[in-house]
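The next block holds one structure in the form of structure tokens; read it before the comments.
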Protein chains: 2
Amino acid sequence: VELRIAFVGFGNVARSFARMLSERRAHLDEDYGLRWKTTAIATGAHGCITSDVGIDLVEAVACVERGGSLTDLAGTAAASGSAEVVAGCKADILLETTPLDIVLGEPATTYVRTALTRGLNVVTANKGPVAFAYAELKAIAVERGVCFHFEGAVMDGAPVFNLVERCLPGARVLGFSGVLNSTSNLILTEMEAGRSFEDALREARRRGITEVNADYDIDGWDAAVKAVALANVLMTADARPAEVDRQGIRGVSIADIESARADGNALRLVARGERSTSGTRLTVRPERVPSTSILGSVRGTSNALVLQTDLMGEIAIIENDPGIEQTAYALLSDMIAVHERAARR
Amino acid sequence: VELRIAFVGFGNVARSFARMLSERRAHLDEDYGLRWKTTAIATGAHGCITSDVGIDLVEAVACVERGGSLTDLAGTAAASGSAEVVAGCKADILLETTPLDIVLGEPATTYVRTALTRGLNVVTANKGPVAFAYAELKAIAVERGVCFHFEGAVMDGAPVFNLVERCLPGARVLGFSGVLNSTSNLILTEMEAGRSFEDALREARRRGITEVNADYDIDGWDAAVKAVALANVLMTADARPAEVDRQGIRGVSIADIESARADGNALRLVARGERSTSGTRLTVRPERVPSTSILGSVRGTSNALVLQTDLMGEIAIIENDPGIEQTAYALLSDMIAVHERAARR
């Protein structure tokens, strides 16, 4: 059987994933028995299409990248919009990568809810659904017997959620600390090298790693939403982004960085989760950490997450210099997990 | 159904695991439906016993820790030795933690081979079987339809083998570099703090982290065997420890460490695996790494492994200040995996 894939959102990450999937078609069949076809693609600016026989993914990528409209592709039917595709497409798995409103978690959360309720497996690279509605969405997935995967929500395809679920059975996460926002970390480490805040921010924009509105990076929103996602999933908290005690890097000066360095420290935007008697306490703020510590060793766009656990003590996972392929890989790894679960049944 | 467990080797790690298992009996049943009983324990100095109705594990731990003989435990039958227990015990899973001859990989490799051939699942904390006979043992396990797990062989219970198998599907490991020997790393970092090589080695012995013969740590044998285990499993090499280009830390002087530090570097005993045209090239040697790098940030008995992959770029996993519980946890995590596979059938 073929896994029928529907895309909602077809930006850089989704197209990088589409290329990865197309290039590895033979490998995925050989190694996992995973066969697939694309039955829907919904975009904001390049039209929405469905096809029962299957859309040529390579052609779809090329079409969008030359600025065309997907509705020109042969053998496809036009759909009126993303919501219609999510509500009606014939698919086994929805790949959700729409641009996120980080304050509301929409439209991603609605798309994920609709698809899960319809009995579709959902793979998303968005942090919004997990940060704003994890308990609800997970309950729907369990009830409908489908998968809800979101490895790409934090640290791209580096295993974070899957690490705990698949590799730390029986262990309990007691707390975490992490450098999770690439833009802030690039700015702080470029400032260590003597560049101004503004120059460093320009560099982050040039690399295409900032949120659409870079204030969400600089003011700690992105890190806060990720901290909530981690707390909700790994520590069974039921937190919301607005509850995070949040301070970004906007006020950090070269003098702050120099002063930290004089003491053998580095400034990092650290997201923390700790169990307390009143629940889970979440903070995001610039912290002085030893330059030779794990968090201090994280430079540029790299990310790191340190987990405190009961049985396995303290372990950390680091992602070095991620690119768009590493986010795309999160989707691939989640899609393989969906397939393997289906194959076991 | 109950999983019948046989222990061969009942030293510090196995007893720590036995305590963990006993304390979590109710949790394991609730969370995983995992019920178990102990049907055999084979030790070198405290006798060998079997029991169809089940051995009281708490009593067995107490008996060995007060220096008694297991054959005194009520309701058990004496067996003549470890080999007899491995060859004849009625069990579903063998927990292998015997002291390893690091040059020959025995007797662990023989015990594992015998048990797998008999159709028992095997969980081992020994690196020997994986370094000396991985391809052969894996083939037997596949043929018999049983599990062969060994997460504890490298970096204790920190996910290394499981990380790649369970969390990086579809990705290929291209190479690795790691700080994998706790004794060497403790010595090097204590020397950074001004202690002599001999004092630092004494400290490592005092903490009980050295191999029985500490030369195997200092001369890089332990790291070499671990590098081979990683290469054989993660890079489908078929290497042997003698093939590793190996240099230990015996020749390292305080002057070497000071000279590295003057350049912003730290000395670490680094194990590396790289694909080359002629196969997999494996090295273990003291290297200068930047003090603020991932490997440089690893101090004391901590371990780190950096993996280069095709799809997921470079990721690293770090284990901070491991204790005996973290090795015991490797056994627990592997045992849960055995149970879950059995439950799926």
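Residue numbering restarts at 1 for every chain of the structure tokens, chains are lettered A, B, ... in their displayed order, and ligands are numbered from 1 as they appear.
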Once you count only C-alpha atoms, what closest atom pair and distance in Å to one decimal does each residue of chain A within 7 Å of chain B have, with rows by chain and rising residue number, as JSON lines?
{"residue": "A:Gly157", "atom": "CA", "partner": "B:Met312", "partner_atom": "CA", "distance": 6.6}
{"residue": "A:Ala158", "atom": "CA", "partner": "B:Ile315", "partner_atom": "CA", "distance": 7.0}
{"residue": "A:Pro159", "atom": "CA", "partner": "B:Cys167", "partner_atom": "CA", "distance": 6.0}
{"residue": "A:Asn162", "atom": "CA", "partner": "B:Cys167", "partner_atom": "CA", "distance": 6.2}
{"residue": "A:Leu163", "atom": "CA", "partner": "B:Cys167", "partner_atom": "CA", "distance": 6.5}
{"residue": "A:Arg166", "atom": "CA", "partner": "B:Arg166", "partner_atom": "CA", "distance": 6.5}
{"residue": "A:Cys167", "atom": "CA", "partner": "B:Pro159", "partner_atom": "CA", "distance": 6.0}
{"residue": "A:Leu168", "atom": "CA", "partner": "B:Ser333", "partner_atom": "CA", "distance": 6.6}
{"residue": "A:Pro169", "atom": "CA", "partner": "B:Ser333", "partner_atom": "CA", "distance": 5.8}
{"residue": "A:Ser291", "atom": "CA", "partner": "B:Thr292", "partner_atom": "CA", "distance": 6.1}
{"residue": "A:Thr292", "atom": "CA", "partner": "B:Thr292", "partner_atom": "CA", "distance": 4.7}
{"residue": "A:Ser293", "atom": "CA", "partner": "B:Ser297", "partner_atom": "CA", "distance": 5.3}
{"residue": "A:Ile294", "atom": "CA", "partner": "B:Ser297", "partner_atom": "CA", "distance": 5.9}
{"residue": "A:Ser297", "atom": "CA", "partner": "B:Thr292", "partner_atom": "CA", "distance": 5.0}
{"residue": "A:Leu311", "atom": "CA", "partner": "B:Tyr329", "partner_atom": "CA", "distance": 6.3}
{"residue": "A:Met312", "atom": "CA", "partner": "B:Gln326", "partner_atom": "CA", "distance": 5.2}
{"residue": "A:Gly313", "atom": "CA", "partner": "B:Gln326", "partner_atom": "CA", "distance": 6.9}
{"residue": "A:Glu314", "atom": "CA", "partner": "B:Asn320", "partner_atom": "CA", "distance": 5.4}
{"residue": "A:Ile315", "atom": "CA", "partner": "B:Glu319", "partner_atom": "CA", "distance": 4.6}
{"residue": "A:Ala316", "atom": "CA", "partner": "B:Ile318", "partner_atom": "CA", "distance": 4.9}
{"residue": "A:Ile317", "atom": "CA", "partner": "B:Ile317", "partner_atom": "CA", "distance": 4.6}
{"residue": "A:Ile318", "atom": "CA", "partner": "B:Ala316", "partner_atom": "CA", "distance": 4.9}
{"residue": "A:Glu319", "atom": "CA", "partner": "B:Ile315", "partner_atom": "CA", "distance": 4.6}
{"residue": "A:Asn320", "atom": "CA", "partner": "B:Glu314", "partner_atom": "CA", "distance": 5.4}
{"residue": "A:Pro322", "atom": "CA", "partner": "B:Gly313", "partner_atom": "CA", "distance": 6.9}
{"residue": "A:Glu325", "atom": "CA", "partner": "B:Leu311", "partner_atom": "CA", "distance": 6.9}
{"residue": "A:Gln326", "atom": "CA", "partner": "B:Met312", "partner_atom": "CA", "distance": 5.2}
{"residue": "A:Tyr329", "atom": "CA", "partner": "B:Leu311", "partner_atom": "CA", "distance": 6.3}
{"residue": "A:Ser333", "atom": "CA", "partner": "B:Pro169", "partner_atom": "CA", "distance": 5.8}
Non-local contacts of Asn126 of chain A (8 Å; only C-alpha atoms; under 3 positions in same chain excluded) as a compact mmCIF listing (two decimals) with all heavy atoms, in the first residue's frame:
# COMPACT_ATOMS: atom_id res chain seq x y z
N GLU A 96 2.20 19.30 7.89
CA GLU A 96 1.78 20.67 8.18
C GLU A 96 3.01 21.54 8.40
O GLU A 96 3.76 21.32 9.34
CB GLU A 96 0.88 20.64 9.43
CG GLU A 96 0.06 21.89 9.67
CD GLU A 96 0.89 23.02 10.19
OE1 GLU A 96 1.74 22.76 11.07
OE2 GLU A 96 0.71 24.16 9.73
N THR A 97 3.19 22.53 7.53
CA THR A 97 4.34 23.44 7.65
C THR A 97 3.94 24.86 7.30
O THR A 97 4.71 25.60 6.69
CB THR A 97 5.48 23.01 6.68
OG1 THR A 97 4.96 23.03 5.33
CG2 THR A 97 6.01 21.64 6.99
N THR A 98 2.74 25.27 7.70
CA THR A 98 2.29 26.63 7.38
C THR A 98 3.03 27.65 8.23
O THR A 98 3.53 27.33 9.31
CB THR A 98 0.78 26.78 7.63
OG1 THR A 98 0.51 26.46 9.00
CG2 THR A 98 -0.02 25.84 6.74
N LEU A 100 3.61 30.25 10.98
CA LEU A 100 2.95 30.25 12.29
C LEU A 100 2.75 31.65 12.84
O LEU A 100 3.69 32.45 12.84
CB LEU A 100 3.80 29.45 13.29
CG LEU A 100 3.26 29.34 14.71
CD1 LEU A 100 2.06 28.40 14.76
CD2 LEU A 100 4.34 28.85 15.66
N ALA A 108 -1.95 26.77 12.28
CA ALA A 108 -1.45 25.40 12.39
C ALA A 108 -2.29 24.54 13.33
O ALA A 108 -2.64 23.40 13.01
CB ALA A 108 0.01 25.43 12.86
N PRO A 129 1.18 24.14 17.54
CA PRO A 129 0.18 23.17 18.02
C PRO A 129 0.59 22.50 19.33
O PRO A 129 -0.25 22.28 20.21
CB PRO A 129 0.12 22.16 16.87
CG PRO A 129 0.49 22.95 15.65
CD PRO A 129 1.53 23.93 16.13
N VAL A 130 1.86 22.21 19.48
CA VAL A 130 2.34 21.53 20.70
C VAL A 130 2.35 22.48 21.88
O VAL A 130 2.07 22.10 23.02
CB VAL A 130 3.75 20.96 20.48
CG1 VAL A 130 4.17 20.13 21.66
CG2 VAL A 130 3.80 20.14 19.20
N PHE A 150 5.90 15.70 15.85
CA PHE A 150 6.30 17.11 15.75
C PHE A 150 7.76 17.29 16.13
O PHE A 150 8.12 18.27 16.77
CB PHE A 150 5.41 17.95 16.68
CG PHE A 150 5.17 17.27 18.01
CD1 PHE A 150 6.14 17.30 19.00
CD2 PHE A 150 4.01 16.54 18.25
CE1 PHE A 150 5.94 16.65 20.20
CE2 PHE A 150 3.81 15.88 19.45
CZ PHE A 150 4.78 15.94 20.44
N GLY A 152 10.21 18.25 14.53
CA GLY A 152 10.80 19.48 14.01
C GLY A 152 10.45 20.74 14.79
O GLY A 152 11.01 21.81 14.52
N ALA A 153 9.57 20.62 15.79
CA ALA A 153 9.15 21.82 16.52
C ALA A 153 10.28 22.43 17.34
O ALA A 153 10.31 23.64 17.57
CB ALA A 153 7.96 21.48 17.43
Practice item. As a ChimeraX atom specification, list the residues of segment 130-286 of chain A assigned to strand (DSSP E or B) by DSSP on the backbone atoms of this structure. Key: /A:148-149,173-179,245-246,265-276,279-286
Point to revise | alpha helix (DSSP H) residues, from DSSP on the backbone, in segment 139-292 of chain A, as a count of residues only | key: 61
